[in-house]
Protein chains: 2
Amino acid sequence: MSPTLKDVSRLAGVSTATVSRFINGSHQLSEGTALRVQRAIDELGFRPNSLGRSLKTASSKSIGVVIPTLSNPVFAEAVSGITAVASDSDYSIMVTATEYSQDQELKVVNSLLDRQVDGLILTVTNANNSPALDMLEAESVPYVLIYNQATLNNRPVVTIDNVVAGREVAFRLEELGHQHFAMLSGNLHSSDRAAARYQGFVQGLAELGFDAPLIQEIEFSQPNTSAAIRELFADPLQRPTALFCSNDLFAIAAIGALRELGLKVPEDVSVVGFDGITVGSLVQPKLTTVVQPSTEMGAVAAKELINTICGEAPQSPLVLPHKVREGESTGPAGKHEPVALQEPNPTKFFPKETL
Amino acid sequence: MSPTLKDVSRLAGVSTATVSRFINGSHQLSEGTALRVQRAIDELGFRPNSLGRSLKTASSKSIGVVIPTLSNPVFAEAVSGITAVASDSDYSIMVTATEYSQDQELKVVNSLLDRQVDGLILTVTNANNSPALDMLEAESVPYVLIYNQATLNNRPVVTIDNVVAGREVAFRLEELGHQHFAMLSGNLHSSDRAAARYQGFVQGLAELGFDAPLIQEIEFSQPNTSAAIRELFADPLQRPTALFCSNDLFAIAAIGALRELGLKVPEDVSVVGFDGITVGSLVQPKLTTVVQPSTEMGAVAAKELINTICGEAPQSPLVLPHKVREGESTGPAGKHEPVALQEPNPTKFFPKETL
DNA sequence: GTGAAAGCGCTAACAC
DNA sequence: GTGTTAGCGCTTTCAC
């Protein structure tokens, strides 16, 4: 077995307390003692076992991270931000993905709690109605939400204002000359963010005198973007010229699906995404999108959480600023008329195998 | 404080040993006892503290994951695969990113070891020359590499054959009619995978009777893709028609950079990526790429590692099959002549601020 | 089938 | 400045 603190103390000819003090730098040691301890540590290749320490101090110096998925870079980015801050303060991170399942949320939070994490950073399905969060409150475990649109319960959260952002998208699209709007969104029940973005979009359009947009919801876990796009653009009499997608991944997929339908972006349809993931500015056409400060969000949340763990009062809720990044997926301003599809036969868009 | 096993035992009127047995299902308990224990647990809302258990059993049931970055979806995918398998076996995951720095590797491995992970899954800069891996060997900590091209030392690894894949790319491009090749790669010293892909590419081209391709290396941490592309396509007399990129992210960025130069993909230049990340098939043009089975790689590595932890002999090295996915970034076969740039004045491509 | 007791590796009073 | 000691929450012999 690997050497223990006791082994070191024996070799150095001091007590275990002294070795512990040396490791933690908690007390001043005489020069000679320090030297002998250091030598013993080096000789044995001693590595303090943090389990013992954690058991004693009742602090694992680790934080749990719960996100919907690692497959969406937006969450990976936040994790990067968390990691950066956490490791500066000597915290480790345990990451788990729920794949947008609420059952999973409860399960992984339980597992994390069993492992004695000192706190949690999470994005849940719905911050206003979450058994997992209720449990955390009940056990008074410190936590901070990110991305979530937490309107009730005064939950600690670091996020942007999704409603305002959605509204801005509406205004921007109208400004560009659009009059026919649609939304492609992840399942509204699976994401309070998506729901808030939709709400803001509807609200903005209403303020501008427009009806609620067409909307198609797709499953986060296995999104059938093509089918949803075909639905949205099926009716030749009510064909949108502006499409707002609830995240960038959907937007990128949507652009591809539109092209398959013979619709050009941005000439025939303007597409706006949400999140501001890096690839969005790499693809052609460059995606117009609402940029969330994901890394910062993660970093701020981590700071908040660590402060809370250390007994300081949390500052949340914290609303960070978002930005609209203009890409090429929304063209220049101008009059936008619904265009005819190249192949006007609707059956074309509903091949048998997808009906 | 949260209730302990002792609290439960007191309330149930049994010994701590009995409660422990109940929790672990290690012994048969009389029906009455079991019931009383269960009731006590429920009443107190008892949650076993895994720290105590780990200390006693010398097994933390957690595994450390070390990857270059979470910003490249290819690694995020592998983590998903790891997570899936690990959580099935009740293991937790501690993820850390090194951002392609070897110093970081040693640091995070140390930190993970302090935290008593039972084993590690990692992608290191260079599997053949890695202080971090040497340390793991020295302390006989179980580990499995993923993605790495481990040729020496018989390291346990689950990966694909990057050399063969690179060679295949050469053959495929030649088949499509290309005669002028270039490679855009992450720093070869920062990635044994990239180095192996380049090696295979060179080898394949050699077999076909071609010289080694032009190559530009870019930094993983802050890649200046545009500058690299400008370099590669600067010489009008030796302009490549086929570009192999060491990963998909670079390939996607390269396509954008080429377009900025006035070069069309695939009409003027065929681009091949590597990794098979999901967005690659979403972007326009669809990326032709070498698909790695990332999720599977992670899953297999996790299985391997857990087996090793449990004392079984590891099966590695394991070479998984890769696939070439044909996209639109390589056009149809045909004769490919180096094309003139739309703006033939070379100074155009070297604006002052980047010189 | 159940209990008593030792101890995993560490820290933190408390003594001196 | 250093040692002694109790104990964090759990598992596991060894008894009975």
# chains A, B, ... in the order shown; residues from 1 in each chain; ligands from 1

call {"tool": "select_by_dssp", "arguments": {"residues": "stretch 97-276 of chain B", "states": "helix (DSSP H, G or I)", "output": "JSON, numbers by chain"}}
result
{"B": [102, 103, 104, 105, 106, 107, 108, 109, 110, 111, 112, 113, 114, 131, 132, 133, 134, 135, 136, 137, 138, 162, 163, 164, 165, 166, 167, 168, 169, 170, 171, 172, 173, 174, 175, 188, 189, 190, 192, 193, 194, 195, 196, 197, 198, 199, 200, 201, 202, 203, 204, 205, 206, 207, 225, 226, 227, 228, 229, 230, 231, 232, 248, 249, 250, 251, 252, 253, 254, 255, 256, 257, 258, 259, 260]}

call {"tool": "residues_around", "arguments": {"residues": "C:DA5", "least_positions_apart": "3", "cutoff": "12 Å", "atoms": "only C-alpha atoms (C1' of nucleotides)", "output": "ChimeraX atom specification"}}
result
/B:15-17 /D:11-15

call {"tool": "calpha_fit_and_write", "arguments": {"fixed": "chain A", "moving": "chain B", "output": "compact mmCIF listing (two decimals) with C-alpha atoms, in the first residue's frame"}}
result
# COMPACT_ATOMS: atom_id res chain seq x y z
CA MET B 1 0.12 0.05 -0.10
CA SER B 2 1.02 3.64 -0.48
CA PRO B 3 2.65 5.24 2.53
CA THR B 4 0.55 7.00 5.11
CA LEU B 5 1.10 10.00 7.23
CA LYS B 6 1.93 7.64 10.04
CA ASP B 7 4.74 6.09 8.01
CA VAL B 8 6.15 9.53 7.40
CA SER B 9 5.95 10.45 11.07
CA ARG B 10 7.78 7.28 12.04
CA LEU B 11 10.54 7.81 9.51
CA ALA B 12 10.95 11.44 10.48
CA GLY B 13 10.83 10.59 14.17
CA VAL B 14 7.99 12.96 14.90
CA SER B 15 4.32 12.63 15.70
CA THR B 16 1.58 12.37 13.13
CA ALA B 17 0.29 15.72 14.29
CA THR B 18 3.54 17.34 13.28
CA VAL B 19 3.46 15.84 9.83
CA SER B 20 -0.09 16.98 9.43
CA ARG B 21 0.89 20.47 10.45
CA PHE B 22 3.72 20.44 8.00
CA ILE B 23 1.49 19.39 5.14
CA ASN B 24 -1.15 21.95 5.90
CA GLY B 25 1.25 24.68 6.91
CA SER B 26 -1.10 25.32 9.78
CA HIS B 27 1.56 25.85 12.44
CA GLN B 28 5.11 27.02 12.53
CA LEU B 29 7.54 24.13 12.80
CA SER B 30 11.15 24.33 13.83
CA GLU B 31 13.45 24.36 10.89
CA GLY B 32 15.02 21.04 11.72
CA THR B 33 11.71 19.27 12.09
CA ALA B 34 10.40 20.66 8.89
CA LEU B 35 13.45 19.46 7.06
CA ARG B 36 13.27 15.96 8.44
CA VAL B 37 9.59 15.71 7.62
CA GLN B 38 10.17 16.94 4.09
CA ARG B 39 12.89 14.37 3.63
CA ALA B 40 10.71 11.57 4.90
CA ILE B 41 7.93 12.62 2.58
CA ASP B 42 10.24 12.68 -0.40
CA GLU B 43 11.84 9.40 0.49
CA LEU B 44 8.56 7.60 0.81
CA GLY B 45 6.87 9.39 -2.04
CA PHE B 46 4.10 10.21 0.35
CA ARG B 47 0.83 11.51 -1.02
CA PRO B 48 -1.74 12.72 1.47
CA ASN B 49 -4.96 10.77 1.26
CA SER B 50 -7.68 13.32 0.85
CA LEU B 51 -10.32 10.81 1.89
CA GLY B 52 -9.02 10.76 5.43
CA ARG B 53 -8.87 14.50 5.51
CA SER B 54 -12.33 14.90 4.08
CA LEU B 55 -13.76 12.49 6.58
CA LYS B 56 -12.26 14.44 9.40
CA THR B 57 -12.94 17.93 8.13
CA ALA B 58 -16.33 17.08 6.65
CA SER B 59 -15.40 18.80 3.42
CA SER B 60 -14.58 16.90 0.27
CA LYS B 61 -13.33 19.89 -1.67
CA SER B 62 -15.28 18.70 -4.63
CA ILE B 63 -18.30 20.07 -6.40
CA GLY B 64 -20.83 18.27 -8.52
CA VAL B 65 -21.83 19.53 -11.93
CA VAL B 66 -25.12 18.46 -13.47
CA ILE B 67 -25.87 19.45 -17.03
CA PRO B 68 -28.30 18.22 -19.67
CA THR B 69 -25.61 16.94 -22.00
CA LEU B 70 -21.99 17.24 -22.92
CA SER B 71 -22.85 16.92 -26.59
CA ASN B 72 -23.91 20.54 -26.80
CA PRO B 73 -20.71 22.62 -26.69
CA VAL B 74 -22.53 25.35 -24.83
CA PHE B 75 -22.52 23.22 -21.70
CA ALA B 76 -19.01 22.00 -22.26
CA GLU B 77 -17.94 25.63 -22.32
CA ALA B 78 -19.58 26.33 -19.00
CA VAL B 79 -17.84 23.32 -17.52
CA SER B 80 -14.54 24.80 -18.71
CA GLY B 81 -15.33 27.98 -16.86
CA ILE B 82 -16.25 26.07 -13.74
CA THR B 83 -13.12 23.96 -13.91
CA ALA B 84 -10.86 26.96 -14.22
CA VAL B 85 -12.21 28.62 -11.10
CA ALA B 86 -12.62 25.45 -9.13
CA SER B 87 -9.12 24.18 -9.65
CA ASP B 88 -7.77 27.55 -8.57
CA SER B 89 -9.42 26.95 -5.24
CA ASP B 90 -8.40 23.31 -5.18
CA TYR B 91 -11.83 21.96 -5.84
CA SER B 92 -12.43 18.95 -8.01
CA ILE B 93 -15.35 18.58 -10.34
CA MET B 94 -17.64 15.61 -10.79
CA VAL B 95 -19.59 16.01 -13.99
CA THR B 96 -22.75 14.16 -14.88
CA ALA B 97 -25.13 14.58 -17.79
CA THR B 98 -28.85 13.93 -17.49
CA GLU B 99 -29.62 13.83 -21.20
CA TYR B 100 -32.59 16.06 -20.47
CA SER B 101 -34.31 13.50 -18.28
CA GLN B 102 -35.77 14.69 -15.00
CA ASP B 103 -35.55 11.22 -13.47
CA GLN B 104 -31.87 11.28 -14.18
CA GLU B 105 -31.60 14.61 -12.42
CA LEU B 106 -32.76 13.19 -9.15
CA LYS B 107 -30.62 10.12 -9.59
CA VAL B 108 -27.37 11.89 -10.32
CA VAL B 109 -27.90 14.49 -7.62
CA ASN B 110 -28.40 11.67 -5.16
CA SER B 111 -25.27 9.97 -6.31
CA LEU B 112 -23.32 13.21 -6.05
CA LEU B 113 -24.66 13.82 -2.57
CA ASP B 114 -23.65 10.32 -1.50
CA ARG B 115 -20.18 11.25 -2.64
CA GLN B 116 -20.25 14.20 -0.27
CA VAL B 117 -19.78 16.97 -2.77
CA ASP B 118 -19.60 20.30 -0.98
CA GLY B 119 -21.99 21.87 -3.43
CA LEU B 120 -23.50 21.64 -6.86
CA ILE B 121 -23.73 23.63 -10.06
CA LEU B 122 -26.56 22.54 -12.25
CA THR B 123 -28.81 23.17 -15.19
CA VAL B 124 -32.10 21.44 -14.62
CA THR B 125 -35.07 20.86 -16.86
CA ASN B 126 -37.26 23.30 -15.03
CA ALA B 127 -35.93 25.37 -12.17
CA ASN B 128 -39.42 26.25 -11.00
CA ASN B 129 -40.47 22.68 -10.53
CA SER B 130 -37.61 20.40 -9.70
CA PRO B 131 -37.59 17.53 -7.22
CA ALA B 132 -33.81 17.52 -7.37
CA LEU B 133 -33.58 21.16 -6.29
CA ASP B 134 -36.19 20.62 -3.61
CA MET B 135 -34.03 17.88 -2.22
CA LEU B 136 -30.99 20.12 -2.19
CA GLU B 137 -32.95 22.76 -0.34
CA ALA B 138 -34.23 20.18 2.12
CA GLU B 139 -30.74 18.98 2.88
CA SER B 140 -29.42 22.55 2.76
CA VAL B 141 -26.71 21.67 0.28
CA PRO B 142 -25.28 24.76 -1.41
CA TYR B 143 -25.99 24.96 -5.12
CA VAL B 144 -26.05 27.43 -7.99
CA LEU B 145 -28.01 27.11 -11.19
CA ILE B 146 -26.68 28.12 -14.58
CA TYR B 147 -28.59 28.77 -17.80
CA ASN B 148 -31.88 28.11 -16.04
CA GLN B 149 -34.66 30.62 -16.19
CA ALA B 150 -35.52 30.61 -12.50
CA THR B 151 -38.42 32.92 -11.89
CA LEU B 152 -39.89 31.41 -8.75
CA ASN B 153 -38.52 30.42 -5.36
CA ASN B 154 -35.67 32.87 -5.50
CA ARG B 155 -33.24 30.13 -6.43
CA PRO B 156 -29.56 30.99 -6.65
CA VAL B 157 -28.81 31.25 -10.34
CA VAL B 158 -26.32 32.75 -12.74
CA THR B 159 -27.88 33.20 -16.14
CA ILE B 160 -28.98 35.58 -18.85
CA ASP B 161 -32.44 36.94 -19.42
CA ASN B 162 -33.83 34.56 -22.00
CA VAL B 163 -37.12 36.38 -22.28
CA VAL B 164 -35.48 39.68 -23.10
CA ALA B 165 -33.17 37.94 -25.55
CA GLY B 166 -36.10 36.26 -27.31
CA ARG B 167 -37.82 39.60 -27.54
CA GLU B 168 -34.74 41.18 -29.06
CA VAL B 169 -34.64 38.51 -31.73
CA ALA B 170 -38.20 39.40 -32.68
CA PHE B 171 -37.33 43.08 -32.96
CA ARG B 172 -34.20 42.41 -34.92
CA LEU B 173 -35.98 40.19 -37.41
CA GLU B 174 -38.73 42.72 -37.88
CA GLU B 175 -36.09 45.37 -38.42
CA LEU B 176 -34.65 43.24 -41.20
CA GLY B 177 -38.00 43.38 -42.92
CA HIS B 178 -39.56 40.08 -41.94
CA GLN B 179 -43.25 39.56 -41.41
CA HIS B 180 -43.55 35.79 -41.28
CA PHE B 181 -41.96 34.11 -38.32
CA ALA B 182 -41.39 30.60 -37.09
CA MET B 183 -39.64 29.01 -34.18
CA LEU B 184 -37.83 25.71 -34.03
CA SER B 185 -37.38 24.79 -30.41
CA GLY B 186 -36.29 21.99 -28.19
CA ASN B 187 -39.20 20.56 -26.28
CA LEU B 188 -40.54 23.40 -24.17
CA HIS B 189 -41.23 21.06 -21.28
CA SER B 190 -37.66 19.86 -21.27
CA SER B 191 -36.07 23.27 -21.02
CA ASP B 192 -37.18 26.35 -19.15
CA ARG B 193 -34.64 28.28 -21.23
CA ALA B 194 -36.27 27.30 -24.48
CA ALA B 195 -39.66 28.12 -23.02
CA ALA B 196 -38.45 31.56 -21.93
CA ARG B 197 -36.92 32.26 -25.31
CA TYR B 198 -40.15 31.34 -27.00
CA GLN B 199 -42.10 33.47 -24.56
CA GLY B 200 -39.89 36.46 -25.24
CA PHE B 201 -40.13 35.89 -28.98
CA VAL B 202 -43.93 35.76 -28.85
CA GLN B 203 -44.03 38.82 -26.65
CA GLY B 204 -41.76 40.81 -28.92
CA LEU B 205 -43.78 39.87 -31.97
CA ALA B 206 -46.96 40.83 -30.17
CA GLU B 207 -45.56 44.23 -29.35
CA LEU B 208 -44.81 44.64 -33.04
CA GLY B 209 -48.33 43.67 -33.92
CA PHE B 210 -47.70 40.14 -35.13
CA ASP B 211 -49.41 36.91 -34.21
CA ALA B 212 -47.60 34.20 -32.35
CA PRO B 213 -45.14 32.46 -34.65
CA LEU B 214 -45.47 28.96 -35.97
CA ILE B 215 -43.62 26.64 -33.67
CA GLN B 216 -42.25 23.15 -33.94
CA GLU B 217 -40.81 21.40 -30.93
CA ILE B 218 -38.22 18.69 -31.29
CA GLU B 219 -36.78 16.24 -28.83
CA PHE B 220 -33.42 17.16 -27.41
CA SER B 221 -32.34 13.56 -27.20
CA GLN B 222 -32.99 12.68 -30.84
CA PRO B 223 -34.09 15.73 -32.74
CA ASN B 224 -35.67 15.16 -36.11
CA THR B 225 -34.86 18.56 -37.47
CA SER B 226 -35.72 17.82 -41.08
CA ALA B 227 -39.21 16.69 -40.23
CA ALA B 228 -39.80 19.75 -38.09
CA ILE B 229 -38.55 22.07 -40.80
CA ARG B 230 -40.74 20.39 -43.38
CA GLU B 231 -43.73 20.95 -41.12
CA LEU B 232 -42.92 24.61 -40.61
CA PHE B 233 -42.48 25.28 -44.30
CA ALA B 234 -45.17 22.92 -45.59
CA ASP B 235 -47.95 25.41 -46.13
CA PRO B 236 -47.19 27.44 -49.24
CA LEU B 237 -49.68 30.09 -48.15
CA GLN B 238 -48.09 30.73 -44.81
CA ARG B 239 -44.42 30.19 -45.31
CA PRO B 240 -42.09 31.89 -42.82
CA THR B 241 -39.16 33.99 -43.94
CA ALA B 242 -37.57 34.16 -40.51
CA LEU B 243 -36.70 31.20 -38.31
CA PHE B 244 -35.62 31.48 -34.70
CA CYS B 245 -34.02 28.35 -33.29
CA SER B 246 -33.76 27.74 -29.57
CA ASN B 247 -30.13 26.75 -29.83
CA ASP B 248 -27.24 26.92 -32.28
CA LEU B 249 -27.06 23.20 -32.89
CA PHE B 250 -30.65 23.22 -34.04
CA ALA B 251 -29.99 26.31 -36.12
CA ILE B 252 -27.08 24.71 -37.91
CA ALA B 253 -29.11 21.59 -38.57
CA ALA B 254 -32.04 23.74 -39.67
CA ILE B 255 -29.95 25.52 -42.27
CA GLY B 256 -29.00 22.17 -43.72
CA ALA B 257 -32.61 20.99 -43.69
CA LEU B 258 -33.77 24.19 -45.37
CA ARG B 259 -31.24 23.74 -48.09
CA GLU B 260 -32.52 20.24 -48.66
CA LEU B 261 -35.93 21.78 -49.18
CA GLY B 262 -34.50 24.05 -51.79
CA LEU B 263 -34.59 27.12 -49.57
CA LYS B 264 -31.52 29.32 -49.37
CA VAL B 265 -30.23 30.94 -46.21
CA PRO B 266 -30.33 33.90 -45.89
CA GLU B 267 -31.82 34.70 -49.32
CA ASP B 268 -35.09 32.85 -48.75
CA VAL B 269 -35.06 32.37 -45.01
CA SER B 270 -33.21 34.18 -42.24
CA VAL B 271 -32.08 31.94 -39.41
CA VAL B 272 -31.19 33.01 -35.89
CA GLY B 273 -29.68 30.69 -33.32
CA PHE B 274 -29.06 30.89 -29.62
CA ASP B 275 -26.00 30.17 -27.45
CA GLY B 276 -23.05 31.49 -29.38
CA ILE B 277 -21.11 28.24 -29.63
CA THR B 278 -17.79 28.52 -31.39
CA VAL B 279 -18.66 26.46 -34.44
CA GLY B 280 -21.49 28.86 -35.14
CA SER B 281 -19.04 31.42 -36.38
CA LEU B 282 -17.10 28.80 -38.33
CA VAL B 283 -19.91 27.44 -40.46
CA GLN B 284 -21.14 28.89 -43.70
CA PRO B 285 -23.19 30.98 -43.57
CA LYS B 286 -21.96 32.35 -40.27
CA LEU B 287 -24.72 32.00 -37.76
CA THR B 288 -26.52 35.01 -36.39
CA THR B 289 -27.12 34.15 -32.78
CA VAL B 290 -27.66 35.31 -29.23
CA VAL B 291 -24.36 34.80 -27.48
CA GLN B 292 -24.42 33.65 -23.90
CA PRO B 293 -21.26 34.20 -21.86
CA SER B 294 -21.00 30.50 -21.12
CA THR B 295 -17.49 30.31 -19.80
CA GLU B 296 -18.06 33.34 -17.64
CA MET B 297 -21.36 31.95 -16.46
CA GLY B 298 -19.62 28.81 -15.31
CA ALA B 299 -16.83 30.77 -13.70
CA VAL B 300 -19.15 33.14 -11.88
CA ALA B 301 -21.32 30.28 -10.70
CA ALA B 302 -18.28 28.45 -9.39
CA LYS B 303 -17.17 31.54 -7.48
CA GLU B 304 -20.64 32.00 -6.10
CA LEU B 305 -20.83 28.40 -5.03
CA ILE B 306 -17.45 28.38 -3.38
CA ASN B 307 -18.34 31.55 -1.53
CA THR B 308 -21.54 29.98 -0.35
CA ILE B 309 -19.70 26.86 0.75
CA CYS B 310 -17.35 29.05 2.71
CA GLY B 311 -20.30 30.53 4.50
CA GLU B 312 -20.58 33.81 2.66
CA ALA B 313 -23.95 35.05 1.53
CA PRO B 314 -24.64 34.33 -2.13
CA GLN B 315 -25.15 37.23 -4.54
CA SER B 316 -27.49 35.38 -6.85
CA PRO B 317 -29.63 35.64 -8.76
CA LEU B 318 -27.14 37.13 -11.17
CA VAL B 319 -28.20 38.11 -14.66
CA LEU B 320 -25.29 38.36 -17.07
CA PRO B 321 -25.48 40.32 -20.30
CA HIS B 322 -26.00 38.53 -23.59
CA LYS B 323 -25.07 39.80 -27.03
CA VAL B 324 -26.51 39.40 -30.46
CA ARG B 325 -23.82 38.37 -32.88
CA GLU B 326 -24.70 39.23 -36.45
CA GLY B 327 -23.72 36.53 -38.89
CA GLU B 328 -24.67 35.84 -42.46
CA SER B 329 -27.59 33.56 -41.73
CA THR B 330 -29.67 36.69 -41.50
CA GLY B 331 -29.15 38.65 -44.64
CA PRO B 332 -29.24 42.43 -45.14
CA ALA B 333 -32.42 44.34 -44.42
CA GLY B 334 -35.01 44.35 -47.15
CA LYS B 335 -38.43 43.22 -48.04
CA HIS B 336 -38.91 39.54 -47.36
CA GLU B 337 -41.70 37.77 -49.16
CA PRO B 338 -42.51 34.15 -48.58
CA VAL B 339 -40.87 32.28 -51.42
CA ALA B 340 -42.17 29.41 -53.42
CA LEU B 341 -40.30 26.20 -53.02
CA GLN B 342 -38.41 25.00 -56.02
CA GLU B 343 -40.51 21.87 -56.02
CA PRO B 344 -43.99 23.06 -55.14
CA ASN B 345 -45.53 19.60 -54.82
CA PRO B 346 -46.11 19.15 -51.09
CA THR B 347 -45.96 15.37 -51.24
CA LYS B 348 -42.32 15.87 -52.02
CA PHE B 349 -41.82 17.04 -48.47
CA PHE B 350 -43.55 14.15 -46.84
CA PRO B 351 -41.94 11.03 -48.13
CA LYS B 352 -43.81 7.96 -47.02
CA GLU B 353 -41.28 6.76 -44.51
CA THR B 354 -41.63 9.83 -42.32
CA LEU B 355 -45.41 10.07 -42.30

call {"tool": "closest_atom_pairs", "arguments": {"of": "chain C", "to": "chain A", "cutoff": "10 Å", "atoms": "only C-alpha atoms (C1' of nucleotides)", "output": "CSV"}}
result
residue,atom,partner,partner_atom,distance
C:DC8,C1',A:Gly52,CA,8.2
C:DG9,C1',A:Gly52,CA,4.5
C:DC10,C1',A:Gly52,CA,4.4
C:DT11,C1',A:Lys56,CA,6.1
C:DA12,C1',A:Ala17,CA,8.9

call {"tool": "atom_distance", "arguments": {"atom1": "atom C1' of C:DG1", "atom2": "atom C1' of D:DC8"}}
result
28.9 Å
